[in-house]
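Undergrad: Just dropping this structure here.
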Amino acid sequence: MVNKNPKVPHHPIMPAAASATLTQYCPDLEQWPARWQVYDHDIAVGQRVVAFFKPFLLHLLSEKLATKTLHRHRDHLWMLGSELIRKRHEDTTFNQMPVEQAIAEMIEEEGGPLIWPSITESQQNAFDATCRKLYKFFNSHANPVR
């Protein structure tokens, strides 16, 4: 069953090494909210999305995945954040939800939201793989999303 009331797992201050590695992996992470922005209030929402993604990004780094795989997951998270901002403008239900809950509504065991026609079927499959991994992380992690 999908947990529809997630919370960001609590992570105390990030060690300097993890912060530096995350910055190397996602040098523009702090600019994602501005890149997703449609209206001024989107910046705050985007910042909450980035905060929600950081524990997962750190988890991916800890898995010692190939650089190409890490970059693919990073790029798919960027797409998911962008899709959330878009959905908030099109669907008032999403606009009323906390970011964590909205993301939980968008992803599931089978994947993520349909990005078609913007991407090919194989690209959608790869995006879904990242969404499945994110879903699994936040639903089976030591600090599960509730």
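Order determines the names: the first chain of the structure tokens is A, the second B, and so forth; residues in each chain are numbered 1 upward, and ligands are numbered 1 upward as they are shown.
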Would you please give, as an mmCIF file with C-alpha atoms, in the first residue's frame, all residues of range 55-127 of chain A that DSSP assigns to helix (DSSP H, G or I) based on the backbone?

TA:
```
data_model
loop_
_atom_site.group_PDB
_atom_site.id
_atom_site.type_symbol
_atom_site.label_atom_id
_atom_site.label_comp_id
_atom_site.auth_asym_id
_atom_site.auth_seq_id
_atom_site.Cartn_x
_atom_site.Cartn_y
_atom_site.Cartn_z
ATOM 1 C CA PRO A 55 18.424 11.860 1.372
ATOM 2 C CA PHE A 56 17.722 9.757 -1.715
ATOM 3 C CA LEU A 57 20.509 11.417 -3.682
ATOM 4 C CA LEU A 58 22.913 10.658 -0.822
ATOM 5 C CA HIS A 59 21.652 7.079 -0.756
ATOM 6 C CA LEU A 60 22.341 6.728 -4.482
ATOM 7 C CA LEU A 61 25.879 7.982 -3.935
ATOM 8 C CA SER A 62 26.395 5.428 -1.175
ATOM 9 C CA THR A 67 28.657 7.550 -12.989
ATOM 10 C CA LYS A 68 26.317 7.220 -15.969
ATOM 11 C CA THR A 69 23.681 5.525 -13.768
ATOM 12 C CA LEU A 70 24.014 8.193 -11.087
ATOM 13 C CA HIS A 71 23.583 10.929 -13.671
ATOM 14 C CA ARG A 72 20.528 9.196 -15.142
ATOM 15 C CA HIS A 73 18.868 8.976 -11.692
ATOM 16 C CA ARG A 74 19.772 12.613 -10.964
ATOM 17 C CA ASP A 75 18.283 13.763 -14.250
ATOM 18 C CA HIS A 76 15.101 11.770 -13.621
ATOM 19 C CA LEU A 77 14.701 13.346 -10.184
ATOM 20 C CA TRP A 78 14.990 16.737 -11.858
ATOM 21 C CA MET A 79 12.201 15.660 -14.259
ATOM 22 C CA LEU A 80 10.032 14.459 -11.352
ATOM 23 C CA GLY A 81 10.440 17.786 -9.546
ATOM 24 C CA SER A 82 9.576 19.655 -12.726
ATOM 25 C CA GLU A 83 6.505 17.454 -13.216
ATOM 26 C CA LEU A 84 5.367 18.166 -9.664
ATOM 27 C CA ILE A 85 5.530 21.925 -10.248
ATOM 28 C CA ARG A 86 3.566 21.471 -13.498
ATOM 29 C CA LYS A 87 0.929 19.321 -11.772
ATOM 30 C CA ARG A 88 0.517 21.904 -8.997
ATOM 31 C CA HIS A 89 -0.486 24.451 -11.640
ATOM 32 C CA GLU A 90 -2.905 22.114 -13.413
ATOM 33 C CA THR A 92 -5.662 22.174 -7.387
ATOM 34 C CA THR A 93 -5.540 18.933 -5.393
ATOM 35 C CA PHE A 94 -1.761 18.835 -5.811
ATOM 36 C CA ASN A 95 -1.521 22.543 -5.076
ATOM 37 C CA GLN A 96 -3.045 21.951 -1.622
ATOM 38 C CA VAL A 99 5.362 18.335 -1.288
ATOM 39 C CA GLU A 100 6.082 14.972 0.340
ATOM 40 C CA GLN A 101 2.480 13.841 -0.044
ATOM 41 C CA ALA A 102 2.286 15.076 -3.638
ATOM 42 C CA ILE A 103 5.407 13.107 -4.575
ATOM 43 C CA ALA A 104 3.964 10.034 -2.834
ATOM 44 C CA GLU A 105 0.846 10.457 -4.991
ATOM 45 C CA MET A 106 2.968 10.639 -8.145
ATOM 46 C CA GLU A 121 8.934 4.827 -24.324
ATOM 47 C CA SER A 122 12.473 3.700 -23.441
ATOM 48 C CA GLN A 123 13.131 7.026 -21.705
ATOM 49 C CA GLN A 124 9.839 6.627 -19.798
ATOM 50 C CA ASN A 125 10.927 3.135 -18.733
ATOM 51 C CA ALA A 126 14.215 4.510 -17.404
ATOM 52 C CA PHE A 127 12.368 7.344 -15.612
#
```

Undergrad: Might you pull out every residue within 8 Å of range 41-47 of chain A, with only C-alpha atoms counted and same-chain residues fewer than 2 positions away left off, and present them as an mmCIF file with N, CA and C atoms, in the first residue's frame?

TA:
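Result file follows (part_31.cif):
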```cif
data_model
loop_
_atom_site.group_PDB
_atom_site.id
_atom_site.type_symbol
_atom_site.label_atom_id
_atom_site.label_comp_id
_atom_site.auth_asym_id
_atom_site.auth_seq_id
_atom_site.Cartn_x
_atom_site.Cartn_y
_atom_site.Cartn_z
ATOM 1 N N GLU A 30 20.953 23.335 -6.045
ATOM 2 C CA GLU A 30 20.307 24.487 -5.406
ATOM 3 C C GLU A 30 19.626 25.412 -6.421
ATOM 4 N N TRP A 32 17.825 24.095 -8.972
ATOM 5 C CA TRP A 32 16.669 23.386 -9.508
ATOM 6 C C TRP A 32 15.365 24.148 -9.285
ATOM 7 N N PRO A 33 15.104 24.677 -8.078
ATOM 8 C CA PRO A 33 13.832 25.395 -7.889
ATOM 9 C C PRO A 33 13.646 26.550 -8.870
ATOM 10 N N ALA A 34 14.689 27.289 -9.152
ATOM 11 C CA ALA A 34 14.581 28.414 -10.094
ATOM 12 C C ALA A 34 14.353 27.898 -11.526
ATOM 13 N N TRP A 36 12.712 25.191 -12.291
ATOM 14 C CA TRP A 36 11.340 24.673 -12.353
ATOM 15 C C TRP A 36 10.301 25.794 -12.286
ATOM 16 N N GLN A 37 10.701 26.944 -11.822
ATOM 17 C CA GLN A 37 9.785 28.038 -11.496
ATOM 18 C C GLN A 37 8.934 28.491 -12.672
ATOM 19 N N VAL A 38 7.640 28.618 -12.386
ATOM 20 C CA VAL A 38 6.705 29.258 -13.309
ATOM 21 C C VAL A 38 6.303 30.601 -12.692
ATOM 22 N N TYR A 39 5.967 30.574 -11.409
ATOM 23 C CA TYR A 39 5.610 31.775 -10.646
ATOM 24 C C TYR A 39 6.520 31.868 -9.427
ATOM 25 N N VAL A 49 11.062 20.386 -2.456
ATOM 26 C CA VAL A 49 11.286 19.198 -3.288
ATOM 27 C C VAL A 49 12.757 18.796 -3.205
ATOM 28 N N VAL A 50 13.647 19.744 -3.351
ATOM 29 C CA VAL A 50 15.088 19.457 -3.277
ATOM 30 C C VAL A 50 15.427 18.872 -1.904
ATOM 31 N N ALA A 51 14.889 19.438 -0.834
ATOM 32 C CA ALA A 51 15.142 18.911 0.513
ATOM 33 C C ALA A 51 14.636 17.476 0.634
ATOM 34 N N GLY A 81 10.691 16.495 -10.203
ATOM 35 C CA GLY A 81 10.440 17.786 -9.546
ATOM 36 C C GLY A 81 9.745 18.759 -10.484
ATOM 37 N N ILE A 85 5.871 20.498 -10.109
ATOM 38 C CA ILE A 85 5.530 21.925 -10.248
ATOM 39 C C ILE A 85 4.444 22.091 -11.312
ATOM 40 N N VAL A 99 4.507 18.887 -0.247
ATOM 41 C CA VAL A 99 5.362 18.335 -1.288
ATOM 42 C C VAL A 99 5.544 16.831 -1.127
#
```

Undergrad: Could you tell me how far CA of Asp128 in chain A lies from CA of Gly112 in chain A, in Å and to one decimal?

TA: 5.1 Å

Undergrad: Please measure the separation of CA of Lys54 in chain A and CA of Leu22 in chain A, giving the value in Å to one decimal.

TA: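 For CA of Lys54 in chain A relative to CA of Leu22 in chain A, the distance reads 8.4 Å.
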
Undergrad: Would you mind reading off the distance between CA of Pro98 in chain A and CA of Phe52 in chain A, one decimal, in Å?

TA: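 Those two atoms sit 11.0 Å apart.
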